[in-house]
Amino acid sequence: MKRETLIWTVLFVAGGLFLLYRGVSAGHGFGKAYVRPVRLKPASEPDTRMKLVDAAPKERDAVVSVPRTVGLWLSAFLTLAILSFLYRDNVFYKIAESIMVGVSAGWAMVAAGFWGAIIPKLIGSLAPALMRAWAIPDLKESARPNLVYLIPLILGIMLLWRLAPRGGWIARWPLAFIVGTFAGIKLISFLDADFVNQIRSTIIPLVVLTGEGRIDVWGTLRNIGLVFGVLSCLTYFFFSLEHRGFAGRIARIGVWYLMITFGASFAFTVMGRIALLAARIEFLFDDWLWLIDPTNKRPW
Amino acid sequence: MLDFLKTLDRRWIFLAMLLAVAGPILAQQSFPEKPTRSVQDVFDYIENLDEGSNVLLSLDYAPSADGELAPMATALIRHCCLKRHKMFFMTLYPDGLPLIETNIRNVIETEFASAGFKYGEDYVNLGFNNAEEVAIIVMGTDLKKMYPHDNYNDDLDEIPMTENISSLQDMQLIITISTGYPGVKEWVQYAASPYGIRLAVGSTAVQAPQAYPYMPSQILGLLAAIKGAAEYEVALAQRYPRYKKPGLNDGIRRMAPQFWAHLLIIGLIVLGNGIYFAERAQRGHR
């Protein structure tokens with residue numbers, strides 16, 4: 001038997017034995033998902049339709065849900081499959097990765113694009129009666145066709161014309177509209193929020209006084225550090241002047257400021273990734289294996 | 001020894017990291033936290049707003065960032081409930097909608113069940129809007145143009161708490177809990193900067209360094225990742241002692257794995273540099 005096969009076999013057997021042990025030793029089992037019924041429209045008195053939502057086992061009307069329990073186990077399997085990549089690329093990781101990519105793409109296309117925009121906004125505005133009968137029963141009776149939406153419909157068709165064997169140039173017109181509109185919107189907002197306001201934020205007193213008229217040492221140092229940091233970083237990115245002599249020394253300090261910023265960004269990234277790992281491990285220990293119960297959601 | 005460390009299989013480091021994170025979770029360990037100024041500023045602003053103020057909460061993140069951002073969302077909603085502010089929920093992420101529903105169910109309808117919050121009078125779920133930054137631009141002058149109805153297809157003109165709302169400018173505070181685009185930058189560019197609306201930000205760790213320059217003139221405070229969430233939970237517990245229970249504070253609980261994992265990383269950085277300098281010294285001797 002290859003070493004690799006041996007390690008995987010040992011891991012699977014040990015994992016299976018542990019699950020068996022948990023199932024036998026824990027009085028109430030583990031890895032079960034609970035649901036409870038709630039009103040579909042919380043504010044509507046006449047609409048008494050219900051839906052099932054996740055619930056804690058100790059809630060009064062909580063019952064075990066078989067489909068969600070299957071989902072819970074699938075979720076645990078996929079979490080372990082993704083983490084298995086840390087050992088080596090393997091078939092379980094490939095399966096989990098493919099599911100992730102496929103589901104994400106499908107969700108974005110169907111939920112955001114089709115059901116989030118095309119159906120309710122475009123077709124719903126052009127043919128409300130049809131949409132009410134077919135897809136959106138809650139659409140108001142008073143809704144009337146709004147022909148302005150023909151413009152985005154035509155622009156959309158023109159954009160898709162790119163896929164046609166002839167007349168690809170037609171797609172350039174809606175593309176020009178998109179580029180022009182966003183360039184205008186972005187230019188103004190960047191100038192205001194990221195240029196003018198950021199300059200304004202650096203126009204601060206270099207000597208900070210307290211209410212009693214004394215010098216606030218920390219406030220003063222903070223403001224000097226901020227203004228000096230901005231100027232030194234700008235000097236580093238000013239390439240019309242050779243970085244030698246005084247300008248070179250200031251630019252060098254700018255590099256240090258940038259390095260500290262990159263270090264902070266790296267540290268933040270580490271913190272973010274560990275938080276996500278901690279959340280997944282908490283899911284495995286709490287929701288799946290019931291080894292811990294930090295939020296007291298189980299009565300036993 | 002030096003050769004052993006230089007050729008150490010990286011999978012041992014992964015295993016060490018797994019133990020550093022899993023150990024404190026199993027032991028349910030936690031450490032004391034202290035709110036920093038950027039977090040305390042957000043807390044104080046919400047605390048000092050008049051009861052019943054309009055607060056828009058835009059949960060602009062997907063389940064992939066839930067582990068990092070859910071604790072701060074819970075803490076902020078909890079605080080708004082305590083102050084009985086009017087809460088307007090929305091999201092610019094298609095998969096953010098279930099997260100809004102989970103937060104409403106867990107905090108407003110379960111934890112504050114006895115407070116008698118009513119949908120449409122105390123909170124409303126505007127739902128998902130796929131117009132990204134354009135949604136913010138239009139809502140700046142006409143909220144109902146982007147959201148003619150709530151998530152349940154009821155007209156905003158027929159809902160008590162939204163009938164008199166015309167634009168974002170009617171909000172006393174906007175809170176965005178965001179993970180990327182559209183998120184902090186877009187809310188600053190299209191809501192906070194042009195209209196001077198007060199904006200509080202909860203952000204993922206990766207995005208936090210980009211948000212800091214907007215403080216304090218364009219955003220009033222920043223909850224940076226799980227650390228920001230933990231600090232907010234501490235600020236809440238200091239003011240409302242019933243929130244000192246560890247079970248209610250996911251952020252504080254998740255800071256213990258952070259501590260041990262960071263300690264491990266610092267140790268590894270020191271070790272890596274030590275190996276580098278030792279190797280250089282060895283080469284110098286030769």
# chains A, B, ... in the order shown; residues from 1 in each chain; ligands from 1
$ residues_around --residues "segment 2-11 of chain A" --least-positions-apart "6" --cutoff "12 Å" --atoms "only C-alpha atoms" --output "MDAnalysis selection string"
chainID A and resid 17:18 80 84 87:92
$ residues_around --residues "Val217 of chain A" --least-positions-apart "4" --cutoff "10 Å" --atoms "only C-alpha atoms" --output "list in words"
Val207, Val208, Leu209, Thr210, Leu221 and Arg222 of chain A
$ closest_atom_pairs --of "chain B" --to "chain A" --cutoff "6 Å" --atoms "only C-alpha atoms" --output "JSON lines"
{"residue": "B:Gly67", "atom": "CA", "partner": "A:Ala279", "partner_atom": "CA", "distance": 5.0}
{"residue": "B:Glu68", "atom": "CA", "partner": "A:Ala275", "partner_atom": "CA", "distance": 5.7}
{"residue": "B:Pro94", "atom": "CA", "partner": "A:Ala112", "partner_atom": "CA", "distance": 5.5}
{"residue": "B:Tyr119", "atom": "CA", "partner": "A:Ala43", "partner_atom": "CA", "distance": 5.5}
{"residue": "B:Gln189", "atom": "CA", "partner": "A:Ala193", "partner_atom": "CA", "distance": 5.3}
{"residue": "B:Ser193", "atom": "CA", "partner": "A:Ala193", "partner_atom": "CA", "distance": 5.7}
{"residue": "B:Ala205", "atom": "CA", "partner": "A:Phe268", "partner_atom": "CA", "distance": 4.8}
{"residue": "B:Val206", "atom": "CA", "partner": "A:Thr269", "partner_atom": "CA", "distance": 4.9}
{"residue": "B:Gly247", "atom": "CA", "partner": "A:Thr295", "partner_atom": "CA", "distance": 4.3}
$ atom_distance --atom1 "atom CA of Trp256 of chain A" --atom2 "atom CA of Tyr236 of chain A"
10.3 Å
$ residues_around --residues "Leu150 of chain A" --least-positions-apart "3" --cutoff "12 Å" --atoms "only C-alpha atoms" --output "PDB file with N, CA and C atoms, in the first residue's frame"
ATOM      1  N   LYS A 121     -37.740  43.628 -12.763  1.00  0.00           N
ATOM      2  CA  LYS A 121     -37.564  45.030 -13.154  1.00  0.00           C
ATOM      3  C   LYS A 121     -37.859  45.262 -14.631  1.00  0.00           C
ATOM      4  N   LEU A 122     -37.302  44.418 -15.490  1.00  0.00           N
ATOM      5  CA  LEU A 122     -37.475  44.664 -16.929  1.00  0.00           C
ATOM      6  C   LEU A 122     -38.826  44.133 -17.424  1.00  0.00           C
ATOM      7  N   ILE A 123     -39.021  42.816 -17.367  1.00  0.00           N
ATOM      8  CA  ILE A 123     -40.273  42.240 -17.887  1.00  0.00           C
ATOM      9  C   ILE A 123     -41.450  42.658 -16.999  1.00  0.00           C
ATOM     10  N   GLY A 124     -41.192  42.735 -15.675  1.00  0.00           N
ATOM     11  CA  GLY A 124     -42.246  43.156 -14.747  1.00  0.00           C
ATOM     12  C   GLY A 124     -42.737  44.558 -15.036  1.00  0.00           C
ATOM     13  N   SER A 125     -41.868  45.422 -15.552  1.00  0.00           N
ATOM     14  CA  SER A 125     -42.274  46.801 -15.881  1.00  0.00           C
ATOM     15  C   SER A 125     -42.917  46.872 -17.260  1.00  0.00           C
ATOM     16  N   LEU A 126     -42.475  46.004 -18.179  1.00  0.00           N
ATOM     17  CA  LEU A 126     -43.021  46.056 -19.541  1.00  0.00           C
ATOM     18  C   LEU A 126     -44.342  45.287 -19.658  1.00  0.00           C
ATOM     19  N   ALA A 127     -44.426  44.159 -18.971  1.00  0.00           N
ATOM     20  CA  ALA A 127     -45.644  43.341 -19.067  1.00  0.00           C
ATOM     21  C   ALA A 127     -46.056  42.868 -17.676  1.00  0.00           C
ATOM     22  N   PRO A 145     -47.977  48.921 -17.755  1.00  0.00           N
ATOM     23  CA  PRO A 145     -46.728  48.832 -18.539  1.00  0.00           C
ATOM     24  C   PRO A 145     -46.009  50.171 -18.614  1.00  0.00           C
ATOM     25  N   ASN A 146     -44.702  50.144 -18.402  1.00  0.00           N
ATOM     26  CA  ASN A 146     -43.888  51.354 -18.454  1.00  0.00           C
ATOM     27  C   ASN A 146     -42.933  51.223 -19.652  1.00  0.00           C
ATOM     28  N   LEU A 147     -43.260  51.948 -20.721  1.00  0.00           N
ATOM     29  CA  LEU A 147     -42.533  51.746 -21.972  1.00  0.00           C
ATOM     30  C   LEU A 147     -41.109  52.312 -21.965  1.00  0.00           C
ATOM     31  N   LEU A 153     -34.080  47.454 -22.608  1.00  0.00           N
ATOM     32  CA  LEU A 153     -34.262  46.189 -23.327  1.00  0.00           C
ATOM     33  C   LEU A 153     -33.502  46.227 -24.664  1.00  0.00           C
ATOM     34  N   ILE A 154     -33.667  47.346 -25.398  1.00  0.00           N
ATOM     35  CA  ILE A 154     -32.979  47.471 -26.701  1.00  0.00           C
ATOM     36  C   ILE A 154     -31.460  47.508 -26.501  1.00  0.00           C
ATOM     37  N   LEU A 155     -31.020  48.272 -25.488  1.00  0.00           N
ATOM     38  CA  LEU A 155     -29.567  48.343 -25.214  1.00  0.00           C
ATOM     39  C   LEU A 155     -29.014  46.971 -24.849  1.00  0.00           C
ATOM     40  N   GLY A 156     -29.796  46.211 -24.090  1.00  0.00           N
ATOM     41  CA  GLY A 156     -29.378  44.867 -23.700  1.00  0.00           C
ATOM     42  C   GLY A 156     -29.253  43.953 -24.901  1.00  0.00           C
ATOM     43  N   ILE A 157     -30.236  44.019 -25.798  1.00  0.00           N
ATOM     44  CA  ILE A 157     -30.183  43.186 -27.013  1.00  0.00           C
ATOM     45  C   ILE A 157     -28.980  43.587 -27.866  1.00  0.00           C
TER      46      ILE A 157
END
$ atom_distance --atom1 "atom CA of Ser75 of chain A" --atom2 "atom CA of Ala62 of chain B"
16.2 Å
$ closest_residue --among "B:Leu156, B:Met72, B:Ala115, B:Leu56" --to "Glu231 of chain B" --atoms "only C-alpha atoms"
B:Met72
$ residues_around --residues "segment 256-259 of chain B" --least-positions-apart "4" --cutoff "7 Å" --atoms "only C-alpha atoms" --output "NGL selection string"
(:A and (271 or 274 or 278)) or (:B and (20-21 or 24-25 or 29-31 or 263))
$ select_by_dssp --residues "segment 97-261 of chain B" --states "alpha helix (DSSP H)" --output "MDAnalysis selection string"
chainID B and resid 97:103 133:139 143:146 184:187 193:195 208:211 225:239 250:253 255:261
$ residues_around --residues "Gly71 of chain A" --least-positions-apart "3" --cutoff "12 Å" --atoms "only C-alpha atoms" --output "PyMOL selection string"
chain A and resi 31-34+65-68+74-78+287-288
$ write_last_selection --atoms "N, CA and C atoms" --output "compact mmCIF listing (two decimals), in the first residue's frame"
# COMPACT_ATOMS: atom_id res chain seq x y z
N GLY A 31 -25.42 16.26 15.04
CA GLY A 31 -25.55 16.52 13.61
C GLY A 31 -26.99 16.55 13.11
N LYS A 32 -27.91 17.07 13.93
CA LYS A 32 -29.29 17.20 13.47
C LYS A 32 -29.65 18.69 13.34
N ALA A 33 -30.38 19.03 12.30
CA ALA A 33 -30.80 20.43 12.11
C ALA A 33 -32.28 20.54 12.46
N TYR A 34 -32.61 21.64 13.11
CA TYR A 34 -34.00 21.87 13.56
C TYR A 34 -34.60 23.05 12.81
N SER A 65 -35.41 18.56 10.98
CA SER A 65 -35.67 18.64 9.53
C SER A 65 -34.70 17.70 8.82
N VAL A 66 -35.25 16.72 8.12
CA VAL A 66 -34.38 15.76 7.42
C VAL A 66 -33.60 16.44 6.28
N PRO A 67 -34.25 17.25 5.41
CA PRO A 67 -33.46 17.88 4.33
C PRO A 67 -32.35 18.77 4.85
N ARG A 68 -32.65 19.53 5.92
CA ARG A 68 -31.61 20.42 6.44
C ARG A 68 -30.52 19.65 7.17
N LEU A 74 -23.69 17.58 4.56
CA LEU A 74 -23.03 17.93 3.29
C LEU A 74 -22.08 19.11 3.51
N SER A 75 -22.56 20.08 4.29
CA SER A 75 -21.76 21.26 4.60
C SER A 75 -20.49 20.88 5.36
N ALA A 76 -20.64 19.97 6.34
CA ALA A 76 -19.47 19.50 7.11
C ALA A 76 -18.49 18.77 6.19
N PHE A 77 -19.05 17.91 5.31
CA PHE A 77 -18.18 17.17 4.37
C PHE A 77 -17.42 18.14 3.47
N LEU A 78 -18.12 19.15 2.93
CA LEU A 78 -17.47 20.09 2.02
C LEU A 78 -16.41 20.93 2.74
N ASP A 287 -22.31 23.00 15.54
CA ASP A 287 -23.50 22.61 14.79
C ASP A 287 -23.49 21.14 14.36
N TRP A 288 -22.29 20.65 14.04
CA TRP A 288 -22.23 19.28 13.49
C TRP A 288 -22.01 18.24 14.59
$ select_by_dssp --residues "segment 72-171 of chain B" --states "strand (DSSP E)" --output "CSV table (one decimal) with C-alpha atoms, in the first residue's frame"
chain,number,residue,atom,x,y,z
B,86,LYS,CA,-36.3,52.5,13.5
B,87,MET,CA,-34.3,50.0,11.5
B,88,PHE,CA,-34.4,49.9,7.7
B,89,PHE,CA,-32.6,46.7,6.4
B,90,MET,CA,-31.3,46.4,2.9
B,91,THR,CA,-28.5,44.6,1.0
B,123,TYR,CA,-38.3,47.7,11.4
B,124,VAL,CA,-38.6,47.0,7.7
B,125,ASN,CA,-36.8,44.7,5.3
B,126,LEU,CA,-36.3,46.5,2.0
B,127,GLY,CA,-34.5,43.4,0.6
B,128,PHE,CA,-31.9,43.0,-2.1
$ closest_residue --among "B:Leu26, B:Arg84, B:Ser203, B:Arg239" --to "Glu51 of chain B" --atoms "only C-alpha atoms"
B:Arg84
